[in-house]
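Chemist: Quick one, my_file_9.pdb (PDB, C-alpha atoms):
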```pdb
ATOM      1  CA  MET A  19     -13.898  26.384  13.258
ATOM      2  CA  SER A  20     -16.611  23.829  12.519
ATOM      3  CA  LYS A  21     -15.792  23.964   8.819
ATOM      4  CA  LYS A  22     -12.176  23.167   9.600
ATOM      5  CA  ILE A  23     -13.173  20.197  11.743
ATOM      6  CA  LEU A  24     -15.475  18.942   9.031
ATOM      7  CA  ALA A  25     -12.747  19.317   6.428
ATOM      8  CA  VAL A  26     -10.291  17.355   8.591
ATOM      9  CA  CYS A  27     -12.909  14.646   9.222
ATOM     10  CA  LEU A  28     -13.698  14.410   5.531
ATOM     11  CA  THR A  29     -10.039  14.086   4.598
ATOM     12  CA  LEU A  30      -9.431  11.405   7.209
ATOM     13  CA  THR A  31     -12.584   9.583   6.185
ATOM     14  CA  ILE A  32     -11.451   9.411   2.592
ATOM     15  CA  LEU A  33      -8.024   8.180   3.660
ATOM     16  CA  LEU A  34      -9.340   5.593   6.101
ATOM     17  CA  SER A  35     -12.090   4.213   3.935
ATOM     18  CA  GLY A  36      -9.313   3.109   1.645
ATOM     19  CA  VAL A  37      -9.029   4.356  -1.821
ATOM     20  CA  ALA A  38      -9.069   1.333  -4.077
ATOM     21  CA  ILE A  39      -5.763   1.215  -5.754
ATOM     22  CA  ILE A  40      -5.871  -0.957  -8.763
ATOM     23  CA  ARG A  41      -2.504  -2.438  -9.264
ATOM     24  CA  VAL A  42      -1.908  -3.110 -12.865
ATOM     25  CA  ALA A  43       0.502  -5.934 -13.277
ATOM     26  CA  ALA A  44       3.291  -5.324 -15.674
ATOM     27  CA  GLU A  45       2.806  -7.186 -18.858
ATOM     28  CA  THR A  46       5.997  -9.167 -18.894
ATOM     29  CA  THR A  47       5.212 -12.265 -20.890
ATOM     30  CA  PRO A  48       5.882 -11.681 -24.567
ATOM     31  CA  MET A  49       2.892 -12.997 -26.487
ATOM     32  CA  THR A  50       2.123 -13.557 -30.104
ATOM     33  CA  ALA A  51      -0.943 -12.059 -31.725
ATOM     34  CA  GLY A  52      -2.420 -15.575 -31.931
ATOM     35  CA  GLN A  53      -2.030 -16.133 -28.181
ATOM     36  CA  ILE A  54      -3.580 -12.765 -27.413
ATOM     37  CA  ASP A  55      -6.535 -13.597 -29.663
ATOM     38  CA  GLN A  56      -6.897 -16.975 -27.968
ATOM     39  CA  ILE A  57      -7.048 -15.330 -24.535
ATOM     40  CA  ARG A  58      -9.500 -12.681 -25.723
ATOM     41  CA  ASN A  59     -11.749 -15.253 -27.393
ATOM     42  CA  ASN A  60     -11.885 -17.363 -24.226
ATOM     43  CA  CYS A  61     -11.994 -14.373 -21.897
ATOM     44  CA  VAL A  62     -15.519 -14.871 -20.546
ATOM     45  CA  SER A  63     -15.364 -18.651 -20.258
ATOM     46  CA  THR A  64     -11.964 -18.502 -18.536
ATOM     47  CA  LYS A  65     -13.261 -15.985 -16.015
ATOM     48  CA  ASN A  66     -16.240 -18.237 -15.298
ATOM     49  CA  THR A  67     -13.951 -21.237 -14.816
ATOM     50  CA  LEU A  68     -11.742 -19.232 -12.474
ATOM     51  CA  SER A  69     -14.735 -18.084 -10.438
ATOM     52  CA  GLN A  70     -15.984 -21.670 -10.106
ATOM     53  CA  LEU A  71     -12.528 -22.845  -9.071
ATOM     54  CA  HIS A  72     -12.321 -19.977  -6.589
ATOM     55  CA  ALA A  73     -15.560 -21.121  -4.953
ATOM     56  CA  SER A  74     -14.772 -24.853  -4.998
ATOM     57  CA  ASP A  75     -11.283 -24.271  -3.564
ATOM     58  CA  ALA A  76     -12.766 -22.144  -0.782
ATOM     59  CA  LEU A  77     -15.089 -25.023   0.094
ATOM     60  CA  LEU A  78     -12.165 -27.447  -0.007
ATOM     61  CA  ARG A  79     -10.170 -25.154   2.276
ATOM     62  CA  VAL A  80     -13.013 -24.961   4.798
ATOM     63  CA  ASN A  81     -13.784 -28.686   4.843
ATOM     64  CA  ARG A  82     -10.214 -30.010   4.624
ATOM     65  CA  GLY A  83      -8.991 -27.376   7.063
ATOM     66  CA  GLN A  84     -11.574 -28.512   9.588
ATOM     67  CA  ILE A  85     -10.465 -32.145   9.284
ATOM     68  CA  PHE A  86      -6.769 -31.239   9.536
ATOM     69  CA  GLU A  87      -7.517 -29.117  12.593
ATOM     70  CA  SER A  88      -9.526 -31.903  14.245
ATOM     71  CA  MET A  89      -6.716 -34.421  13.709
ATOM     72  CA  SER A  90      -4.521 -32.185  15.823
ATOM     73  CA  THR A  91      -6.911 -30.943  18.502
ATOM     74  CA  LYS A  92      -9.190 -33.946  18.922
ATOM     75  CA  LEU A  93      -6.693 -36.771  18.562
ATOM     76  CA  MET A  94      -2.957 -35.976  18.579
ATOM     77  CA  ASP A  95      -2.887 -33.372  21.371
ATOM     78  CA  ARG A  96      -5.248 -35.379  23.549
ATOM     79  CA  PHE A  97      -3.326 -38.630  23.188
ATOM     80  CA  ASN A  98      -0.032 -36.816  23.868
ATOM     81  CA  SER A  99      -1.505 -35.352  27.071
ATOM     82  CA  ARG A 100      -2.832 -38.693  28.220
ATOM     83  CA  VAL A 101       0.513 -40.388  27.632
ATOM     84  CA  ALA A 102       2.344 -37.579  29.476
ATOM     85  CA  ASN A 103      -0.148 -37.657  32.367
ATOM     86  CA  ASN A 104       0.610 -41.346  32.854
ATOM     87  CA  GLY A 105       4.342 -40.677  32.977
ATOM     88  CA  TYR A 106       5.350 -42.354  29.746
ATOM     89  CA  ASN A 107       7.856 -40.988  27.285
ATOM     90  CA  ASN A 108       5.986 -39.222  24.477
ATOM     91  CA  THR A 109       8.807 -37.314  22.779
ATOM     92  CA  GLY A 110       8.327 -39.197  19.491
ATOM     93  CA  LEU A 111       4.616 -38.374  19.417
ATOM     94  CA  ILE A 112       5.143 -34.739  20.425
ATOM     95  CA  SER A 113       7.844 -34.209  17.829
ATOM     96  CA  VAL A 114       5.532 -35.319  14.994
ATOM     97  CA  SER A 115       2.532 -33.370  16.296
ATOM     98  CA  ILE A 116       4.624 -30.166  16.566
ATOM     99  CA  SER A 117       5.780 -30.599  12.960
ATOM    100  CA  TYR A 118       2.174 -31.266  11.935
ATOM    101  CA  GLY A 119       0.983 -28.102  13.706
ATOM    102  CA  SER A 120       3.632 -25.961  12.082
ATOM    103  CA  MET A 121       2.784 -27.428   8.653
ATOM    104  CA  LEU A 122      -0.872 -26.643   9.316
ATOM    105  CA  ASP A 123       0.105 -23.001   9.913
ATOM    106  CA  THR A 124       2.065 -23.009   6.661
ATOM    107  CA  PHE A 125      -0.937 -24.492   4.841
ATOM    108  CA  ARG A 126      -3.205 -21.715   6.172
ATOM    109  CA  LEU A 127      -0.773 -19.021   5.133
ATOM    110  CA  ASP A 128      -0.080 -20.511   1.709
ATOM    111  CA  TYR A 129      -3.789 -20.896   0.990
ATOM    112  CA  LYS A 130      -4.366 -17.255   1.937
ATOM    113  CA  THR A 131      -1.637 -16.135  -0.470
ATOM    114  CA  TYR A 132      -3.014 -18.384  -3.220
ATOM    115  CA  GLU A 133      -6.562 -17.088  -2.740
ATOM    116  CA  GLU A 134      -5.387 -13.488  -2.899
ATOM    117  CA  HIS A 135      -3.546 -14.159  -6.168
ATOM    118  CA  LEU A 136      -6.469 -16.056  -7.681
ATOM    119  CA  SER A 137      -8.821 -13.190  -6.764
ATOM    120  CA  ALA A 138      -6.385 -10.749  -8.329
ATOM    121  CA  ALA A 139      -6.278 -12.865 -11.512
ATOM    122  CA  ILE A 140     -10.085 -12.893 -11.682
ATOM    123  CA  ASN A 141     -10.092  -9.099 -11.441
ATOM    124  CA  VAL A 142      -7.605  -8.541 -14.278
ATOM    125  CA  ASP A 143      -9.225  -7.262 -17.449
ATOM    126  CA  CYS A 144      -8.455 -10.146 -19.811
ATOM    127  CA  TRP A 145      -9.608  -8.230 -22.886
ATOM    128  CA  ASN A 146      -7.390  -5.167 -22.428
ATOM    129  CA  GLN A 147      -4.545  -6.831 -20.512
ATOM    130  CA  PRO A 148      -4.229 -10.391 -21.860
ATOM    131  CA  ALA A 149      -0.555 -10.781 -20.918
ATOM    132  CA  ALA A 150      -1.134  -9.525 -17.379
ATOM    133  CA  PHE A 151      -4.082 -11.915 -17.121
ATOM    134  CA  TYR A 152      -1.908 -14.822 -18.292
ATOM    135  CA  ASP A 153       0.820 -13.924 -15.796
ATOM    136  CA  ALA A 154      -1.660 -13.578 -12.928
ATOM    137  CA  ILE A 155      -3.024 -17.054 -13.659
ATOM    138  CA  ALA A 156       0.509 -18.473 -13.881
ATOM    139  CA  SER A 157       1.272 -16.971 -10.485
ATOM    140  CA  ALA A 158      -1.925 -18.396  -8.948
ATOM    141  CA  ARG A 159      -1.166 -21.779 -10.519
ATOM    142  CA  ALA A 160       2.290 -21.901  -8.903
ATOM    143  CA  LEU A 161       0.810 -20.972  -5.526
ATOM    144  CA  ARG A 162      -1.892 -23.628  -5.856
ATOM    145  CA  ASN A 163       0.843 -26.204  -6.357
ATOM    146  CA  VAL A 164       2.467 -24.962  -3.140
ATOM    147  CA  VAL A 165      -0.833 -25.508  -1.289
ATOM    148  CA  HIS A 166      -1.061 -29.017  -2.749
ATOM    149  CA  THR A 167       2.486 -29.732  -1.550
ATOM    150  CA  ASP A 168       1.458 -28.594   1.944
ATOM    151  CA  VAL A 169      -1.491 -31.007   1.879
ATOM    152  CA  VAL A 170       0.788 -33.863   0.800
ATOM    153  CA  LYS A 171       3.180 -33.026   3.657
ATOM    154  CA  LEU A 172       0.305 -32.902   6.153
ATOM    155  CA  ASN A 173      -0.771 -36.357   5.002
ATOM    156  CA  GLN A 174       2.804 -37.556   5.472
ATOM    157  CA  TYR A 175       2.793 -36.250   9.042
ATOM    158  CA  VAL A 176      -0.481 -38.086   9.636
ATOM    159  CA  ASP A 177       1.300 -41.296   8.559
ATOM    160  CA  GLN A 178       4.345 -40.456  10.660
ATOM    161  CA  TYR A 179       2.171 -40.006  13.736
ATOM    162  CA  GLN A 180       0.634 -43.404  13.057
ATOM    163  CA  SER A 181       4.148 -44.893  13.007
ATOM    164  CA  ALA A 182       4.941 -43.010  16.236
ATOM    165  CA  ILE A 183       1.882 -44.616  17.879
ATOM    166  CA  ILE A 184       3.100 -48.090  16.873
ATOM    167  CA  GLN A 185       6.551 -47.239  18.220
ATOM    168  CA  PHE A 186       5.005 -46.018  21.468
ATOM    169  CA  GLU A 187       2.935 -49.212  21.711
ATOM    170  CA  ASN A 188       6.060 -51.341  21.285
ATOM    171  CA  ASP A 189       7.882 -49.324  23.953
ATOM    172  CA  TYR A 190       4.873 -49.632  26.253
ATOM    173  CA  GLN A 191       4.759 -53.428  25.817
ATOM    174  CA  THR A 192       8.477 -53.656  26.557
ATOM    175  CA  VAL A 193       8.005 -51.651  29.765
ATOM    176  CA  VAL A 194       5.039 -53.822  30.811
ATOM    177  CA  LYS A 195       7.016 -57.022  30.185
ATOM    178  CA  GLU A 196       9.904 -55.689  32.280
ATOM    179  CA  VAL A 197       7.549 -54.876  35.152
ATOM    180  CA  LYS A 198       5.713 -58.216  34.902
ATOM    181  CA  PRO A 199       8.216 -60.806  33.700
TER     182      PRO A 199
ATOM    183  CA  MET B  20     -50.839  34.991  36.685
ATOM    184  CA  ASP B  21     -47.377  35.658  35.352
ATOM    185  CA  GLU B  22     -46.016  33.391  32.669
ATOM    186  CA  PRO B  23     -42.643  31.711  33.480
ATOM    187  CA  GLN B  24     -39.784  33.601  32.008
ATOM    188  CA  VAL B  25     -37.897  31.686  29.303
ATOM    189  CA  PRO B  26     -34.300  32.788  28.953
ATOM    190  CA  ALA B  27     -33.677  34.350  25.596
ATOM    191  CA  ILE B  28     -31.577  32.225  23.190
ATOM    192  CA  THR B  29     -28.748  34.396  22.145
ATOM    193  CA  ASP B  30     -26.952  34.022  18.821
ATOM    194  CA  GLU B  31     -23.742  33.156  20.647
ATOM    195  CA  PHE B  32     -25.391  30.317  22.588
ATOM    196  CA  ALA B  33     -27.078  28.932  19.479
ATOM    197  CA  GLY B  34     -23.805  29.045  17.491
ATOM    198  CA  SER B  35     -21.859  27.259  20.234
ATOM    199  CA  SER B  36     -24.502  24.550  20.545
ATOM    200  CA  LYS B  37     -24.553  23.987  16.783
ATOM    201  CA  ARG B  38     -20.760  23.762  16.694
ATOM    202  CA  ARG B  39     -20.682  21.222  19.489
ATOM    203  CA  PHE B  40     -23.304  19.147  17.727
ATOM    204  CA  LEU B  41     -21.253  19.165  14.517
ATOM    205  CA  VAL B  42     -18.130  18.134  16.425
ATOM    206  CA  PHE B  43     -20.078  15.331  18.096
ATOM    207  CA  ILE B  44     -21.428  14.008  14.771
ATOM    208  CA  SER B  45     -18.057  14.314  13.027
ATOM    209  CA  THR B  46     -16.231  12.546  15.852
ATOM    210  CA  SER B  47     -18.814   9.748  15.893
ATOM    211  CA  ILE B  48     -18.430   9.202  12.152
ATOM    212  CA  LEU B  49     -14.672   9.294  12.432
ATOM    213  CA  ILE B  50     -14.616   6.746  15.265
ATOM    214  CA  ALA B  51     -16.981   4.494  13.295
ATOM    215  CA  PHE B  52     -14.704   4.631  10.253
ATOM    216  CA  VAL B  53     -11.604   3.918  12.326
ATOM    217  CA  LEU B  54     -13.262   0.878  13.924
ATOM    218  CA  VAL B  55     -14.517  -0.393  10.566
ATOM    219  CA  PHE B  56     -11.051   0.067   9.094
ATOM    220  CA  ILE B  57      -9.425  -1.862  11.953
ATOM    221  CA  SER B  58     -11.964  -4.696  11.795
ATOM    222  CA  MET B  59     -11.682  -4.985   8.001
ATOM    223  CA  TYR B  60      -7.897  -5.069   8.308
ATOM    224  CA  MET B  61      -8.124  -7.864  10.883
ATOM    225  CA  TYR B  62     -10.706  -9.726   8.794
ATOM    226  CA  ASN B  63      -8.445  -9.692   5.743
ATOM    227  CA  SER B  64      -5.081 -10.190   7.398
ATOM    228  CA  SER B  65      -6.129 -13.026   9.706
ATOM    229  CA  GLY B  66      -7.294 -15.296   6.883
ATOM    230  CA  ALA B  67     -10.907 -15.172   8.079
ATOM    231  CA  ALA B  68     -11.919 -13.719   4.715
ATOM    232  CA  GLN B  69     -10.761 -16.913   3.006
ATOM    233  CA  LEU B  70     -12.938 -19.051   5.277
ATOM    234  CA  ASP B  71     -16.016 -16.861   5.014
ATOM    235  CA  LEU B  72     -18.380 -18.664   2.680
ATOM    236  CA  SER B  73     -21.079 -16.056   3.246
ATOM    237  CA  ARG B  74     -19.254 -13.779   0.826
ATOM    238  CA  PRO B  75     -20.789 -13.201  -2.592
ATOM    239  CA  GLY B  76     -19.560 -15.759  -5.110
ATOM    240  CA  TYR B  77     -19.739 -18.683  -2.719
ATOM    241  CA  VAL B  78     -23.504 -19.167  -2.867
ATOM    242  CA  SER B  79     -23.213 -22.337  -4.954
ATOM    243  CA  VAL B  80     -20.922 -24.112  -2.465
ATOM    244  CA  ARG B  81     -22.163 -22.682   0.815
ATOM    245  CA  SER B  82     -24.530 -25.566   1.520
ATOM    246  CA  GLN B  83     -21.765 -28.131   1.051
ATOM    247  CA  ALA B  84     -19.631 -26.844   3.898
ATOM    248  CA  ILE B  85     -19.311 -29.269   6.778
ATOM    249  CA  SER B  86     -20.909 -27.544   9.725
ATOM    250  CA  ASP B  87     -20.866 -30.508  12.063
ATOM    251  CA  ASP B  88     -17.880 -32.830  12.375
ATOM    252  CA  GLY B  89     -19.691 -34.992  14.903
ATOM    253  CA  ASP B  90     -18.277 -38.168  13.417
ATOM    254  CA  PHE B  91     -14.840 -36.951  14.486
ATOM    255  CA  LYS B  92     -14.719 -38.299  18.025
ATOM    256  CA  ASN B  93     -12.719 -36.623  20.752
ATOM    257  CA  TYR B  94     -10.223 -38.921  22.395
ATOM    258  CA  SER B  95     -10.227 -38.481  26.138
ATOM    259  CA  SER B  96      -7.087 -36.770  27.411
ATOM    260  CA  THR B  97      -7.578 -38.236  30.866
ATOM    261  CA  GLY B  98      -7.498 -41.827  32.075
ATOM    262  CA  THR B  99      -4.973 -44.594  32.274
ATOM    263  CA  ILE B 100      -2.778 -45.863  29.493
ATOM    264  CA  ASP B 101      -3.060 -49.570  28.922
ATOM    265  CA  GLN B 102      -3.216 -51.883  25.940
ATOM    266  CA  SER B 103      -6.955 -51.383  25.453
ATOM    267  CA  SER B 104      -6.717 -47.550  25.506
ATOM    268  CA  ILE B 105      -3.835 -47.661  23.013
ATOM    269  CA  THR B 106      -5.808 -50.005  20.736
ATOM    270  CA  GLU B 107      -8.877 -47.770  21.023
ATOM    271  CA  PHE B 108      -6.818 -44.741  20.007
ATOM    272  CA  LYS B 109      -5.150 -46.616  17.153
ATOM    273  CA  THR B 110      -8.550 -47.612  15.718
ATOM    274  CA  LEU B 111      -9.926 -44.083  16.085
ATOM    275  CA  TYR B 112      -6.846 -42.497  14.589
ATOM    276  CA  SER B 113      -6.657 -44.955  11.725
ATOM    277  CA  THR B 114     -10.290 -44.274  10.718
ATOM    278  CA  GLN B 115      -9.812 -40.506  10.711
ATOM    279  CA  ALA B 116      -6.428 -40.727   8.987
ATOM    280  CA  GLN B 117      -8.087 -42.667   6.178
ATOM    281  CA  LYS B 118     -10.699 -39.907   5.819
ATOM    282  CA  THR B 119      -8.046 -37.193   5.877
ATOM    283  CA  LYS B 120      -6.040 -38.793   3.091
ATOM    284  CA  SER B 121      -9.040 -39.854   0.989
ATOM    285  CA  VAL B 122      -9.162 -36.601  -0.993
ATOM    286  CA  ASP B 123      -6.262 -35.303  -3.055
ATOM    287  CA  ALA B 124      -7.004 -31.706  -2.072
ATOM    288  CA  PHE B 125      -5.716 -29.035  -4.450
ATOM    289  CA  GLY B 126      -4.327 -31.721  -6.725
ATOM    290  CA  GLY B 127      -4.657 -31.704 -10.476
ATOM    291  CA  ASP B 128      -3.861 -28.700 -12.584
ATOM    292  CA  PRO B 129      -7.055 -26.766 -13.311
ATOM    293  CA  LEU B 130      -5.106 -23.536 -13.814
ATOM    294  CA  SER B 131      -2.899 -24.813 -16.599
ATOM    295  CA  PRO B 132      -3.173 -22.731 -19.793
ATOM    296  CA  THR B 133      -4.352 -25.825 -21.670
ATOM    297  CA  ALA B 134      -7.105 -26.602 -19.153
ATOM    298  CA  LEU B 135      -8.279 -22.990 -19.286
ATOM    299  CA  GLY B 136      -8.115 -22.876 -23.079
ATOM    300  CA  LEU B 137      -5.557 -20.084 -23.077
ATOM    301  CA  ILE B 138      -3.272 -21.822 -25.534
ATOM    302  CA  ALA B 139      -4.281 -23.820 -28.561
ATOM    303  CA  LYS B 140      -4.221 -27.580 -27.960
TER     304      LYS B 140
END
```
Could I get this structure in the form of structure tokens?
Modeler:
Amino acid sequence: MSKKILAVCLTLTILLSGVAIIRVAAETTPMTAGQIDQIRNNCVSTKNTLSQLHASDALLRVNRGQIFESMSTKLMDRFNSRVANNGYNNTGLISVSISYGSMLDTFRLDYKTYEEHLSAAINVDCWNQPAAFYDAIASARALRNVVHTDVVKLNQYVDQYQSAIIQFENDYQTVVKEVKP
Amino acid sequence: MDEPQVPAITDEFAGSSKRRFLVFISTSILIAFVLVFISMYMYNSSGAAQLDLSRPGYVSVRSQAISDDGDFKNYSSTGTIDQSSITEFKTLYSTQAQKTKSVDAFGGDPLSPTALGLIAK
């Protein structure tokens, strides 16, 4: 009885602890012998560069992410609330801040995907699988460009919100002039 | 004076007690593994792993993480709206917007094959 229980526990433990499945990427990119040699010769230095980039991008994600988050929570949302509490029309401001928030979610998700691919590229054996290594880096590179595009879009929304504030200010001044001619 | 009588430990009692102890230990280990599995899944799927600079490999950059964004002032969500409050917000927002856009984050192309020396220049 106890042996059976132990056997079941052991089996479940092995399953739950997660057997590391190493996914070997298919070597799709046709490469010349010269290219393969080039990758093998620079194998160690490339891995070091990738590891440094991995760390510096993580820092960038933490610091930039914090600033992007603060723009939304400490400024946009608070100003929108204050405008709404005073009974003014804030649809222009809200529209931009909603778009900004949804782009911030996209940025988080895209960075996560990029980081996972970069980590996978770092773990590919560049000596035995040079083509797979090359492909993994190409994939991470494309995803990094997506993250950069997200950052550019976030910056555009920051500018758009600034324009929305000016628009709101103009509307406010018009209302004030109408009340006090 | 008679010594107190200690009930004799039968083989059946000892076997049952041992079995229960094994079940208890096995169940505890199983529950611990299940909880660890769930927490690791949440840690990885939520994106927290990407923000965790305490992981190995981030030692060199850990100290550079901004832990206090005190210079990022909170705008009050209460109060009246007048020209001075709008101007105050505009100034605050403009300063922070400048900071936000000052860095071309994730720009450049450090993963290009040329930059990594994967193809001959």
Chemist: Using all atoms listed in the file for the distances, tell me which of B:Gln24, B:Thr110, B:Arg39, B:Thr97 is nearest to chain A.
Modeler: B:Thr97
Chemist: For chain B, list the residues within 6 Å of chain A, counting only C-alpha atoms, and write the list as an MDAnalysis selection string.
Modeler: chainID B and resid 38 70 77 85 93:94 96:97 125:126 130 135 137
Chemist: Figure out the distance between atom CA of A:Thr50 and atom CA of A:Asn141, please, to one decimal in Å.
Modeler: 22.7 Å
Chemist: Provide the atom CA of A:Gly110 to atom CA of B:Thr106 distance in Å, to one decimal place.
Modeler: 17.8 Å
Chemist: When distances are computed from only C-alpha atoms, which of A:Val62, A:Gln147, A:Thr192, A:Gln178 shows the smallest separation from B:Ser113?
Modeler: A:Gln178
Chemist: Please, what distance in Å, to one decimal, runs between atom CA of A:Gly119 and atom CA of A:Lys171?
Modeler: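 We find that atom CA of A:Gly119 and atom CA of A:Lys171 lie 11.4 Å from each other.
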Chemist: Restricting the calculation to all atoms listed in the file: of A:Tyr132, A:Ala149, A:Glu87, A:Val142, which residue gets closest to A:Ala51?
Modeler: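 Selected residue with least distance to A:Ala51: A:Ala149.
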